[in-house]
Amino acid sequence: MPLYEKKWWKKLFQREEAATKIDVLNDLDAVKEFLADVPMEIKKLLPELQKWEELEKERKVAKAGILQVNLETQAEVLDAVLKRYASMQNDFDINGLRMKEIIKQFLNHAQKAGLKDLVKEKQQDLYWQGKW
């Protein structure tokens with residue numbers, strides 16, 4: 001094992017990366033802004049889902065010549081649904097990560113303030129662990 005891979009060498013010479021500081025207020029603003037946009041996104045998504053539902057009902061009774069046209073139209077509608085849905089999923093994931101960082105920050109502040117029982121209790125809670 002080379003010298004630079006040994007633990008004691010790393011402890012002596014490797015720089016510790018500074019923990020990135022999060023701004024809880026900015027993250028909370030971003031989460032609130034996202035949640036305010038969710039109803040509008042759902043309103044845009046619902047008509048597309050309804051179109052898709054109608055096309056699927058038609059597909060069940062369609063004849064051979066119409067079936068291909070129906071499926072092509074379904075593909076177009078499904079493409080729009082997937083793009084919008086994927087965008088919403090990404091936003092939910094990003095805001096979930098923000099919430100996890102906010103939780104960590106809160107627990108650090110509570111620990112420093114001497115609320116050890118509260119911290120211990122919340123660390124046992126699955127929601128506070130970010131396992132939702």
# chains A, B, ... in the order shown; residues from 1 in each chain; ligands from 1
>>> residues_around(residues="region 93-109 of chain A", least_positions_apart="2", cutoff="9 Å", atoms="only C-alpha atoms", output="list in words")
Ile22, Asp23, Val24, Asp27, Leu28, Ala30, Val31, Phe34, Met88, Gln89, Asn90, Asp91, Gln111, Lys112, Ala113, Gly114, Leu115, Leu118, Val119, Lys122, Gln123, Trp128, Gln129 and Gly130 of chain A
>>> atom_distance(atom1="CA of Ala75 (chain A)", atom2="CA of Val61 (chain A)")
17.7 Å
>>> atom_distance(atom1="CA of Ala80 (chain A)", atom2="CA of Ile42 (chain A)")
13.1 Å
>>> select_by_dssp(residues="chain A", states="alpha helix (DSSP H)", output="number ranges by chain")
A: 7-13, 24-61, 64-112, 116-124
>>> residues_around(residues="Leu55 (chain A)", least_positions_apart="4", cutoff="12 Å", atoms="only C-alpha atoms", output="PyMOL selection string")
chain A and resi 48-51+59-62+66-78
>>> write_last_selection(atoms="C-alpha atoms", output="PDB file, in the first residue's frame")
ATOM      1  CA  GLU A  48     -53.550  15.002 -20.412  1.00  0.00           C
ATOM      2  CA  LEU A  49     -54.385  12.022 -18.220  1.00  0.00           C
ATOM      3  CA  GLN A  50     -58.040  12.347 -19.172  1.00  0.00           C
ATOM      4  CA  LYS A  51     -57.113  12.363 -22.893  1.00  0.00           C
ATOM      5  CA  ARG A  59     -58.353   1.344 -28.063  1.00  0.00           C
ATOM      6  CA  LYS A  60     -60.279  -1.477 -26.416  1.00  0.00           C
ATOM      7  CA  VAL A  61     -63.016  -1.271 -29.053  1.00  0.00           C
ATOM      8  CA  ALA A  62     -60.918  -0.113 -32.018  1.00  0.00           C
ATOM      9  CA  ILE A  66     -57.899   2.669 -36.280  1.00  0.00           C
ATOM     10  CA  LEU A  67     -55.808   0.876 -33.665  1.00  0.00           C
ATOM     11  CA  GLN A  68     -52.485   2.108 -35.053  1.00  0.00           C
ATOM     12  CA  VAL A  69     -53.695   5.725 -35.153  1.00  0.00           C
ATOM     13  CA  ASN A  70     -55.014   5.396 -31.610  1.00  0.00           C
ATOM     14  CA  LEU A  71     -51.730   4.003 -30.324  1.00  0.00           C
ATOM     15  CA  GLU A  72     -49.719   6.725 -32.066  1.00  0.00           C
ATOM     16  CA  THR A  73     -51.949   9.363 -30.489  1.00  0.00           C
ATOM     17  CA  GLN A  74     -51.603   7.646 -27.118  1.00  0.00           C
ATOM     18  CA  ALA A  75     -47.817   7.747 -27.525  1.00  0.00           C
ATOM     19  CA  GLU A  76     -47.928  11.507 -28.086  1.00  0.00           C
ATOM     20  CA  VAL A  77     -50.160  12.088 -25.068  1.00  0.00           C
ATOM     21  CA  LEU A  78     -48.108   9.729 -22.925  1.00  0.00           C
TER      22      LEU A  78
END
>>> closest_residue(among="A:Val81, A:Leu25, A:Leu12, A:Ala64", to="Leu45 (chain A)", atoms="only C-alpha atoms")
A:Val81
>>> atom_distance(atom1="CA of Arg84 (chain A)", atom2="CA of Glu41 (chain A)")
7.9 Å
>>> decode(residues="region 66-94 of chain A", atoms="N, CA, C and O atoms", output="short mmCIF file (atom, residue, chain, number, x, y, z; two decimals), in the first residue's frame")
data_model
loop_
_atom_site.label_atom_id
_atom_site.label_comp_id
_atom_site.auth_asym_id
_atom_site.auth_seq_id
_atom_site.Cartn_x
_atom_site.Cartn_y
_atom_site.Cartn_z
N ILE A 66 -57.85 1.54 -37.21
CA ILE A 66 -57.90 2.67 -36.28
C ILE A 66 -56.95 2.45 -35.11
O ILE A 66 -56.47 3.41 -34.50
N LEU A 67 -56.64 1.21 -34.82
CA LEU A 67 -55.81 0.88 -33.66
C LEU A 67 -54.43 1.54 -33.73
O LEU A 67 -53.95 2.09 -32.75
N GLN A 68 -53.81 1.51 -34.92
CA GLN A 68 -52.48 2.11 -35.05
C GLN A 68 -52.53 3.62 -34.81
O GLN A 68 -51.65 4.18 -34.15
N VAL A 69 -53.55 4.28 -35.35
CA VAL A 69 -53.70 5.72 -35.15
C VAL A 69 -53.91 6.02 -33.67
O VAL A 69 -53.32 6.96 -33.12
N ASN A 70 -54.73 5.21 -33.03
CA ASN A 70 -55.01 5.40 -31.61
C ASN A 70 -53.73 5.26 -30.80
O ASN A 70 -53.46 6.08 -29.92
N LEU A 71 -52.96 4.23 -31.09
CA LEU A 71 -51.73 4.00 -30.32
C LEU A 71 -50.70 5.10 -30.57
O LEU A 71 -49.98 5.50 -29.65
N GLU A 72 -50.64 5.61 -31.79
CA GLU A 72 -49.72 6.72 -32.07
C GLU A 72 -50.14 7.97 -31.29
O GLU A 72 -49.30 8.69 -30.75
N THR A 73 -51.44 8.22 -31.25
CA THR A 73 -51.95 9.36 -30.49
C THR A 73 -51.70 9.17 -29.00
O THR A 73 -51.30 10.11 -28.30
N GLN A 74 -51.90 7.93 -28.52
CA GLN A 74 -51.60 7.65 -27.12
C GLN A 74 -50.13 7.90 -26.81
O GLN A 74 -49.79 8.41 -25.74
N ALA A 75 -49.25 7.54 -27.73
CA ALA A 75 -47.82 7.75 -27.53
C ALA A 75 -47.50 9.23 -27.37
O ALA A 75 -46.69 9.61 -26.52
N GLU A 76 -48.15 10.07 -28.18
CA GLU A 76 -47.93 11.51 -28.09
C GLU A 76 -48.41 12.05 -26.74
O GLU A 76 -47.72 12.85 -26.10
N VAL A 77 -49.60 11.63 -26.34
CA VAL A 77 -50.16 12.09 -25.07
C VAL A 77 -49.30 11.58 -23.91
O VAL A 77 -48.98 12.33 -22.98
N LEU A 78 -48.93 10.31 -23.98
CA LEU A 78 -48.11 9.73 -22.92
C LEU A 78 -46.76 10.41 -22.84
O LEU A 78 -46.21 10.62 -21.75
N ASP A 79 -46.22 10.82 -23.98
CA ASP A 79 -44.94 11.54 -24.01
C ASP A 79 -45.07 12.85 -23.23
O ASP A 79 -44.21 13.19 -22.41
N ALA A 80 -46.15 13.57 -23.46
CA ALA A 80 -46.38 14.83 -22.74
C ALA A 80 -46.56 14.58 -21.25
O ALA A 80 -46.02 15.32 -20.42
N VAL A 81 -47.31 13.54 -20.90
CA VAL A 81 -47.55 13.21 -19.50
C VAL A 81 -46.23 12.86 -18.81
O VAL A 81 -45.94 13.34 -17.70
N LEU A 82 -45.43 12.03 -19.45
CA LEU A 82 -44.17 11.60 -18.84
C LEU A 82 -43.21 12.76 -18.63
O LEU A 82 -42.53 12.83 -17.61
N LYS A 83 -43.14 13.66 -19.59
CA LYS A 83 -42.25 14.82 -19.44
C LYS A 83 -42.67 15.69 -18.26
O LYS A 83 -41.85 16.09 -17.44
N ARG A 84 -43.96 15.96 -18.17
CA ARG A 84 -44.45 16.80 -17.06
C ARG A 84 -44.28 16.07 -15.73
O ARG A 84 -43.88 16.65 -14.73
N TYR A 85 -44.59 14.78 -15.73
CA TYR A 85 -44.50 13.99 -14.51
C TYR A 85 -43.04 13.88 -14.06
O TYR A 85 -42.75 13.99 -12.86
N ALA A 86 -42.13 13.65 -14.99
CA ALA A 86 -40.71 13.54 -14.65
C ALA A 86 -40.20 14.86 -14.06
O ALA A 86 -39.42 14.86 -13.11
N SER A 87 -40.65 15.96 -14.62
CA SER A 87 -40.25 17.27 -14.11
C SER A 87 -40.74 17.45 -12.68
O SER A 87 -39.98 17.91 -11.81
N MET A 88 -42.00 17.07 -12.43
CA MET A 88 -42.53 17.18 -11.07
C MET A 88 -41.77 16.26 -10.12
O MET A 88 -41.46 16.64 -8.99
N GLN A 89 -41.46 15.05 -10.57
CA GLN A 89 -40.73 14.09 -9.73
C GLN A 89 -39.36 14.63 -9.36
O GLN A 89 -38.93 14.53 -8.21
N ASN A 90 -38.67 15.24 -10.32
CA ASN A 90 -37.36 15.83 -10.04
C ASN A 90 -37.48 16.94 -9.01
O ASN A 90 -36.65 17.04 -8.09
N ASP A 91 -38.50 17.78 -9.17
CA ASP A 91 -38.69 18.87 -8.21
C ASP A 91 -38.99 18.33 -6.81
O ASP A 91 -38.49 18.85 -5.82
N PHE A 92 -39.81 17.27 -6.74
CA PHE A 92 -40.10 16.67 -5.43
C PHE A 92 -38.82 16.11 -4.82
O PHE A 92 -38.58 16.26 -3.61
N ASP A 93 -38.00 15.45 -5.62
CA ASP A 93 -36.76 14.87 -5.10
C ASP A 93 -35.81 15.95 -4.58
O ASP A 93 -35.23 15.81 -3.50
N ILE A 94 -35.67 17.02 -5.34
CA ILE A 94 -34.78 18.11 -4.93
C ILE A 94 -35.27 18.74 -3.62
O ILE A 94 -34.49 18.98 -2.70
#
